[in-house]
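Have a look at coords.cif below; it lists mmCIF, C-alpha atoms.
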```cif
data_my_file
loop_
_atom_site.label_atom_id
_atom_site.label_comp_id
_atom_site.auth_asym_id
_atom_site.auth_seq_id
_atom_site.Cartn_x
_atom_site.Cartn_y
_atom_site.Cartn_z
CA MET P 1 -53.65 -56.63 16.99
CA SER P 2 -52.51 -53.87 14.85
CA THR P 3 -50.94 -54.40 11.52
CA LEU P 4 -48.20 -52.22 10.20
CA THR P 5 -48.47 -51.37 6.60
CA ALA P 6 -45.31 -50.34 4.97
CA THR P 7 -45.79 -47.59 2.58
CA ALA P 8 -43.39 -47.68 -0.24
CA GLU P 9 -41.46 -44.49 -0.37
CA GLU P 10 -40.92 -43.03 -3.70
CA PRO P 11 -37.22 -43.00 -4.57
CA ARG P 12 -35.69 -39.58 -4.35
CA THR P 13 -34.26 -38.49 -7.64
CA THR P 14 -31.60 -35.83 -7.78
CA PRO P 15 -31.58 -33.66 -10.86
CA ALA P 16 -28.92 -34.77 -13.28
CA ARG P 17 -26.01 -32.38 -13.56
CA PRO P 18 -25.54 -31.03 -17.07
CA VAL P 19 -22.64 -32.53 -18.91
CA TYR P 20 -20.26 -29.93 -20.22
CA ARG P 21 -17.95 -30.81 -23.06
CA VAL P 22 -14.60 -29.14 -23.57
CA THR P 23 -14.80 -27.56 -26.99
CA GLY P 24 -12.53 -25.18 -28.79
CA ARG P 25 -15.13 -22.42 -28.66
CA ARG P 26 -15.51 -22.75 -24.90
CA VAL P 27 -11.76 -22.72 -24.33
CA LEU P 28 -11.48 -19.58 -26.46
CA SER P 29 -14.33 -17.98 -24.53
CA SER P 30 -12.65 -18.84 -21.23
CA GLU P 31 -9.33 -17.33 -22.30
CA TRP P 32 -11.09 -14.24 -23.61
CA ALA P 33 -12.81 -13.73 -20.24
CA LYS P 34 -9.57 -14.26 -18.31
CA LEU P 35 -7.67 -11.81 -20.51
CA TRP P 36 -10.10 -8.94 -19.97
CA SER P 37 -10.55 -9.64 -16.25
CA LEU P 38 -6.96 -8.53 -15.55
CA ARG P 39 -6.21 -4.87 -14.86
CA SER P 40 -2.76 -5.32 -16.40
CA THR P 41 -4.40 -6.07 -19.76
CA TRP P 42 -6.11 -2.69 -19.94
CA ILE P 43 -3.05 -0.82 -18.69
CA THR P 44 -0.51 -2.50 -20.98
CA LEU P 45 -2.72 -2.36 -24.07
CA GLY P 46 -3.28 1.32 -23.35
CA LEU P 47 0.46 1.87 -23.07
CA GLY P 48 1.09 0.02 -26.32
CA LEU P 49 -1.48 2.15 -28.13
CA LEU P 50 -0.10 5.31 -26.51
CA PHE P 51 3.49 4.48 -27.50
CA LEU P 52 2.49 3.75 -31.07
CA VAL P 53 0.50 6.95 -31.56
CA ALA P 54 2.51 9.35 -29.37
CA PHE P 55 5.96 8.51 -30.73
CA GLY P 56 4.62 8.61 -34.29
CA LEU P 57 3.23 12.10 -33.75
CA ILE P 58 6.39 13.26 -31.96
CA SER P 59 8.57 12.13 -34.88
CA ALA P 60 6.23 13.81 -37.40
CA SER P 61 6.27 17.04 -35.39
CA HIS P 62 10.07 16.92 -35.13
CA TYR P 63 10.36 16.45 -38.88
CA LYS P 64 7.95 19.30 -39.56
CA SER P 65 9.82 21.68 -37.25
CA GLY P 66 13.11 20.76 -38.96
CA ILE P 67 11.65 21.51 -42.38
CA ASP P 68 10.25 24.84 -41.23
CA SER P 69 13.55 25.88 -39.65
CA GLY P 70 15.67 24.65 -42.55
CA HIS P 71 17.73 22.30 -40.37
CA THR P 72 16.52 18.80 -41.18
CA ASP P 73 18.01 16.00 -39.12
CA ARG P 74 20.06 13.52 -41.17
CA ASP P 75 18.08 10.62 -39.75
CA PHE P 76 14.90 12.14 -41.24
CA ALA P 77 16.35 13.05 -44.62
CA ASP P 78 14.51 10.26 -46.46
CA ALA P 79 11.56 10.07 -44.09
CA THR P 80 8.01 9.55 -45.30
CA ALA P 81 4.69 9.99 -43.55
CA VAL P 82 4.57 6.21 -43.13
CA SER P 83 8.01 5.84 -41.55
CA LEU P 84 7.37 8.80 -39.26
CA SER P 85 3.96 7.53 -38.18
CA LEU P 86 5.26 4.02 -37.48
CA PHE P 87 8.25 5.25 -35.49
CA GLY P 88 6.56 4.04 -32.31
CA VAL P 89 6.33 0.41 -33.42
CA ASN P 90 9.62 -0.41 -31.69
CA PHE P 91 8.19 0.84 -28.40
CA ALA P 92 4.73 -0.64 -28.82
CA GLN P 93 6.17 -4.09 -29.53
CA LEU P 94 7.72 -4.18 -26.07
CA ALA P 95 4.42 -3.39 -24.35
CA LEU P 96 2.45 -5.94 -26.38
CA GLY P 97 5.17 -8.59 -26.17
CA VAL P 98 5.46 -8.19 -22.39
CA LEU P 99 1.70 -8.54 -22.02
CA GLY P 100 1.86 -11.69 -24.13
CA VAL P 101 4.39 -13.14 -21.68
CA LEU P 102 2.13 -12.21 -18.75
CA VAL P 103 -0.86 -13.91 -20.37
CA THR P 104 0.79 -17.31 -20.07
CA ALA P 105 3.62 -17.05 -17.53
CA GLY P 106 1.38 -15.12 -15.14
CA GLU P 107 -0.76 -18.23 -14.61
CA TYR P 108 2.32 -20.23 -13.66
CA SER P 109 3.41 -17.64 -11.11
CA THR P 110 -0.03 -17.58 -9.46
CA GLY P 111 -0.67 -21.32 -9.72
CA MET P 112 -3.86 -20.79 -11.73
CA ILE P 113 -2.45 -22.92 -14.52
CA ARG P 114 -3.32 -26.03 -12.47
CA SER P 115 -7.01 -25.15 -12.53
CA THR P 116 -6.83 -24.27 -16.21
CA LEU P 117 -5.26 -27.58 -17.20
CA ALA P 118 -7.58 -29.52 -14.89
CA ALA P 119 -10.50 -28.08 -16.87
CA VAL P 120 -8.77 -28.73 -20.20
CA PRO P 121 -6.74 -31.94 -19.70
CA ARG P 122 -5.53 -32.10 -23.30
CA ARG P 123 -3.44 -28.96 -22.60
CA LEU P 124 -2.61 -27.87 -26.14
CA PRO P 125 -6.00 -26.20 -26.76
CA VAL P 126 -5.12 -23.89 -23.87
CA LEU P 127 -1.92 -22.76 -25.59
CA TRP P 128 -3.58 -22.30 -28.98
CA SER P 129 -6.45 -20.36 -27.44
CA LYS P 130 -4.21 -18.05 -25.42
CA ALA P 131 -2.03 -17.34 -28.44
CA ALA P 132 -5.01 -16.82 -30.76
CA VAL P 133 -6.96 -14.57 -28.39
CA PHE P 134 -4.08 -12.33 -27.46
CA GLY P 135 -2.64 -12.33 -30.98
CA LEU P 136 -5.98 -11.08 -32.31
CA VAL P 137 -6.20 -8.36 -29.63
CA ALA P 138 -2.63 -7.20 -30.32
CA LEU P 139 -3.36 -7.21 -34.07
CA VAL P 140 -6.41 -4.97 -33.62
CA VAL P 141 -4.63 -2.58 -31.24
CA GLY P 142 -1.58 -2.35 -33.52
CA THR P 143 -3.65 -1.78 -36.65
CA ILE P 144 -5.82 0.89 -35.05
CA GLY P 145 -2.79 2.64 -33.58
CA GLY P 146 -0.94 2.59 -36.90
CA PHE P 147 -3.86 4.09 -38.82
CA VAL P 148 -4.52 6.75 -36.16
CA ALA P 149 -0.84 7.75 -36.09
CA PHE P 150 -0.70 7.94 -39.88
CA LEU P 151 -3.91 9.91 -40.33
CA ILE P 152 -2.85 12.52 -37.77
CA GLY P 153 0.84 12.43 -38.70
CA SER P 154 0.17 12.86 -42.42
CA GLY P 155 -1.75 16.03 -41.57
CA ILE P 156 1.23 17.33 -39.61
CA VAL P 157 3.70 16.77 -42.46
CA SER P 158 1.29 18.00 -45.14
CA GLY P 159 3.08 20.20 -47.65
CA THR P 160 6.50 18.66 -46.96
CA PRO P 161 8.48 16.11 -49.03
CA ALA P 162 7.31 13.41 -46.63
CA ALA P 163 3.60 14.03 -47.27
CA MET P 164 1.61 10.94 -48.31
CA SER P 165 -1.97 9.74 -48.29
CA LEU P 166 -3.62 6.33 -48.01
CA SER P 167 -3.94 6.22 -51.80
CA HIS P 168 -0.16 6.23 -52.31
CA ALA P 169 1.35 2.92 -53.37
CA GLY P 170 2.40 0.72 -50.45
CA VAL P 171 0.90 2.86 -47.68
CA LEU P 172 -2.04 0.59 -46.88
CA ARG P 173 0.18 -2.47 -47.05
CA SER P 174 2.67 -0.90 -44.63
CA LEU P 175 0.02 0.03 -42.07
CA LEU P 176 -1.59 -3.41 -42.19
CA GLY P 177 1.85 -5.01 -42.04
CA ALA P 178 2.69 -3.07 -38.88
CA GLY P 179 -0.51 -4.29 -37.22
CA LEU P 180 0.19 -7.87 -38.27
CA TYR P 181 3.74 -7.64 -36.96
CA LEU P 182 2.58 -6.43 -33.55
CA GLY P 183 -0.02 -9.20 -33.45
CA LEU P 184 2.66 -11.82 -34.11
CA VAL P 185 4.92 -10.24 -31.48
CA GLY P 186 2.09 -10.79 -29.01
CA VAL P 187 1.90 -14.46 -30.03
CA VAL P 188 5.67 -14.83 -29.63
CA GLY P 189 5.44 -13.30 -26.15
CA ALA P 190 2.69 -15.73 -25.17
CA ALA P 191 4.74 -18.64 -26.50
CA LEU P 192 7.85 -17.54 -24.58
CA GLY P 193 5.81 -17.25 -21.38
CA ALA P 194 4.52 -20.82 -21.81
CA LEU P 195 7.97 -22.11 -22.76
CA LEU P 196 9.95 -20.53 -19.91
CA ARG P 197 7.11 -20.39 -17.33
CA SER P 198 8.70 -17.31 -15.84
CA VAL P 199 7.60 -13.71 -16.29
CA ALA P 200 11.12 -12.36 -15.80
CA GLY P 201 12.67 -15.00 -18.04
CA GLY P 202 10.13 -14.53 -20.82
CA ILE P 203 10.50 -10.75 -20.82
CA SER P 204 14.30 -11.01 -20.80
CA VAL P 205 14.36 -13.33 -23.81
CA LEU P 206 11.82 -11.19 -25.64
CA VAL P 207 13.80 -7.98 -25.13
CA ALA P 208 17.07 -9.70 -26.05
CA THR P 209 15.56 -11.14 -29.23
CA LEU P 210 13.96 -7.94 -30.45
CA MET P 211 16.49 -5.34 -29.32
CA LEU P 212 19.81 -6.66 -28.01
CA ILE P 213 20.73 -9.33 -30.55
CA PRO P 214 20.42 -6.97 -33.59
CA GLY P 215 22.87 -4.62 -31.87
CA LEU P 216 25.31 -7.44 -31.18
CA ILE P 217 25.12 -8.60 -34.79
CA SER P 218 26.45 -5.19 -35.85
CA LEU P 219 29.75 -6.13 -34.18
CA LEU P 220 30.28 -9.00 -36.61
CA PRO P 221 32.17 -8.61 -39.92
CA SER P 222 30.09 -6.87 -42.57
CA SER P 223 29.96 -10.00 -44.75
CA TRP P 224 28.38 -11.92 -41.85
CA GLN P 225 25.97 -9.11 -41.09
CA ASP P 226 24.57 -9.17 -44.62
CA ASP P 227 23.90 -12.92 -44.34
CA ILE P 228 22.43 -12.97 -40.81
CA SER P 229 20.86 -9.59 -40.11
CA PRO P 230 17.87 -9.75 -42.54
CA TYR P 231 16.67 -13.01 -40.96
CA LEU P 232 16.61 -11.80 -37.36
CA PRO P 233 13.05 -11.56 -35.99
CA SER P 234 13.07 -7.78 -35.56
CA ASN P 235 14.57 -7.09 -39.00
CA ALA P 236 12.27 -9.56 -40.73
CA GLY P 237 9.34 -7.94 -38.96
CA GLU P 238 10.45 -4.47 -39.99
CA ALA P 239 10.55 -5.63 -43.61
CA MET P 240 6.83 -6.44 -43.29
CA PHE P 241 5.87 -2.78 -42.90
CA ALA P 242 8.80 -0.89 -44.47
CA LEU P 243 7.71 1.23 -47.42
CA THR P 244 10.99 0.86 -49.34
CA HIS P 245 13.49 -1.98 -49.55
CA ASP P 246 17.04 -2.47 -50.77
CA SER P 247 19.44 -5.34 -51.36
CA THR P 248 20.20 -5.72 -47.64
CA THR P 249 16.57 -6.17 -46.56
CA LEU P 250 13.90 -8.75 -47.25
CA SER P 251 10.78 -8.13 -49.28
CA PRO P 252 7.50 -7.79 -47.34
CA GLY P 253 6.41 -11.32 -48.27
CA ALA P 254 9.78 -12.84 -47.37
CA GLY P 255 9.86 -10.89 -44.11
CA LEU P 256 6.40 -12.21 -43.19
CA LEU P 257 7.44 -15.77 -44.00
CA VAL P 258 10.61 -15.53 -41.88
CA PHE P 259 8.76 -14.01 -38.93
CA LEU P 260 6.06 -16.67 -39.18
CA CYS P 261 8.81 -19.29 -38.96
CA TRP P 262 10.15 -17.67 -35.76
CA THR P 263 6.62 -17.57 -34.35
CA ALA P 264 6.02 -21.22 -35.21
CA LEU P 265 9.33 -22.16 -33.61
CA ALA P 266 8.40 -20.41 -30.35
CA LEU P 267 4.95 -22.05 -30.33
CA ALA P 268 6.45 -25.47 -31.06
CA GLY P 269 8.83 -25.14 -28.11
CA ALA P 270 5.98 -24.07 -25.83
CA ALA P 271 3.77 -26.94 -27.02
CA TYR P 272 6.55 -29.48 -26.47
CA ARG P 273 7.20 -28.37 -22.90
CA LEU P 274 3.50 -28.11 -22.09
CA THR P 275 2.86 -31.71 -23.12
CA ARG P 276 6.10 -33.21 -21.80
CA SER P 277 6.48 -31.69 -18.35
CA ASP P 278 4.31 -31.20 -15.28
CA VAL P 279 3.00 -27.84 -14.20
#
```
Would you mind writing the file's structure down as structure tokens?
Amino acid sequence: MSTLTATAEEPRTTPARPVYRVTGRRVLSSEWAKLWSLRSTWITLGLGLLFLVAFGLISASHYKSGIDSGHTDRDFADATAVSLSLFGVNFAQLALGVLGVLVTAGEYSTGMIRSTLAAVPRRLPVLWSKAAVFGLVALVVGTIGGFVAFLIGSGIVSGTPAAMSLSHAGVLRSLLGAGLYLGLVGVVGAALGALLRSVAGGISVLVATLMLIPGLISLLPSSWQDDISPYLPSNAGEAMFALTHDSTTLSPGAGLLVFLCWTALALAGAAYRLTRSDV
């Protein structure tokens, strides 16, 4: 009679999966990787930098040719190397603001936002990370573009009444202010994209806020214009990097404070909708 001996099998152990925690650094790293993985990021940032530098050099060249020919345009009568070099800010802000909208609203249009919020259930860190990452990128691009445009443009207008150097009072502040303004425009664009969840809607509101509304305000009585116009986002932002100011414009510090309030308002609206409604 044979006996069966049961051999005890050793229990199979599966390797434990590593536990990943959602941290602020990891969310920032994820948003950084997603930003640079898009072809539109490279194209739009390149356009923003091109607009800022090219239009600044074009305006400096136009001023120089007017001085040489003796027929200076009235619009350039009081121009300085700073104002000429930063002429392209109005064009660069559209490129950077539109890309900010795409950073957030683009995920809603593709449905990728579901995966993003599944990985980060608390939601708000996603918004803060997107705004911080793109705001920093827009700040760097705007600052570099402003300094490049000024360094080349100041050489073009050398020997004219508009000639200035970095050592002149207010020049460094103006160039840094222009970069900061473009960085905040990028944050506002990202906030509008998260608030409206529509690329077309976000871009429309951005363009209307920065370009259309100031034109409509000019149709109001002059007494109303003086009370409202300085506090519009675009005018407050312009005060941040303007070299000279008068009684109808804000000081650089006041302009920064007003624009920060507009930025905070846009982020607050985006945060409210992100936490209160489904994706």
Pick out the residues sitting within 12 Å of Lys34 of chain P, and hand them over as a list in words; count all atoms listed in the file, and ignore anything fewer than 5 positions along from it in its own chain.
Val27, Leu28, Ser29, Arg39, Ser40, Thr41, Leu102, Val103, Thr104, Gly106, Glu107, Met112, Ile113, Thr116, Val126, Ser129, Lys130, Val133 and Phe134 of chain P
Written selection (C-alpha atoms) as a compact mmCIF listing (two decimals), in the coordinates of the input:
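The result, stored in result-v4.txt:
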```txt
# COMPACT_ATOMS: atom_id res chain seq x y z
CA VAL P 27 -11.76 -22.72 -24.33
CA LEU P 28 -11.48 -19.58 -26.46
CA SER P 29 -14.33 -17.98 -24.53
CA ARG P 39 -6.21 -4.87 -14.86
CA SER P 40 -2.76 -5.32 -16.40
CA THR P 41 -4.40 -6.07 -19.76
CA LEU P 102 2.13 -12.21 -18.75
CA VAL P 103 -0.86 -13.91 -20.37
CA THR P 104 0.79 -17.31 -20.07
CA GLY P 106 1.38 -15.12 -15.14
CA GLU P 107 -0.76 -18.23 -14.61
CA MET P 112 -3.86 -20.79 -11.73
CA ILE P 113 -2.45 -22.92 -14.52
CA THR P 116 -6.83 -24.27 -16.21
CA VAL P 126 -5.12 -23.89 -23.87
CA SER P 129 -6.45 -20.36 -27.44
CA LYS P 130 -4.21 -18.05 -25.42
CA VAL P 133 -6.96 -14.57 -28.39
CA PHE P 134 -4.08 -12.33 -27.46
```
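Proximity ranking of P:Leu35, P:Ile156, P:Leu45, P:Leu99 relative to Val140 of chain P places P:Leu45 first, based on only C-alpha atoms.
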Which residue out of P:His62, P:Arg123, P:Arg114, P:Arg74 has the minimum interatomic distance to Val22 of chain P when only C-alpha atoms are used?
P:Arg123
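Take atom CA of Asn235 of chain P and atom CA of Tyr63 of chain P: the distance between them is 23.9 Å.
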Let me know the residues the PyMOL selection byres ((chain P and resi 240) around 12) catches in the file above, as a PyMOL selection string.
chain P and resi 170-182+184+230+233-239+241-245+249-260
What gap, in Å, lies between atom CA of Ser83 of chain P and atom CA of Ser59 of chain P?
9.2 Å
Can you measure atom CA of Gly153 of chain P to atom CA of Ala81 of chain P for me? One decimal in Å is fine.
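Straight-line distance from atom CA of Gly153 of chain P to atom CA of Ala81 of chain P works out to 6.7 Å.
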For the file shown, report as a VMD selection string the outcome of the PyMOL selection byres ((chain P and resi 187-199) around 7) at residue level.
chain P and resid 97 to 98 100 to 106 108 131 134 to 135 183 to 186 200 to 203 206 263 266 to 267 269 to 270 273
The PyMOL selection byres ((chain P and resi 163) around 12) applied to the shown file, residues as number ranges by chain
P: 60, 63-64, 78-85, 150-162, 164-168, 171
Write out as a VMD selection string the residues lying within 12 Å of Met211 of chain P, counting all atoms listed in the file and excluding same-chain residues fewer than 2 positions away.
chain P and resid 90 to 91 93 to 94 203 to 209 213 to 218 232 to 235
Go through P:Ala169, P:Ala118, P:Leu47, P:Leu210 one by one, measure the shortest atom-to-atom distance of each to Trp262 of chain P using all atoms listed in the file, and give the residue with the smallest value.
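Among the listed residues, the smallest separation from Trp262 of chain P belongs to P:Leu210.
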Residue nearest Val53 of chain P among P:Thr143, P:Ser65, P:Ser37, P:Ser30 (counting only C-alpha atoms)
P:Thr143
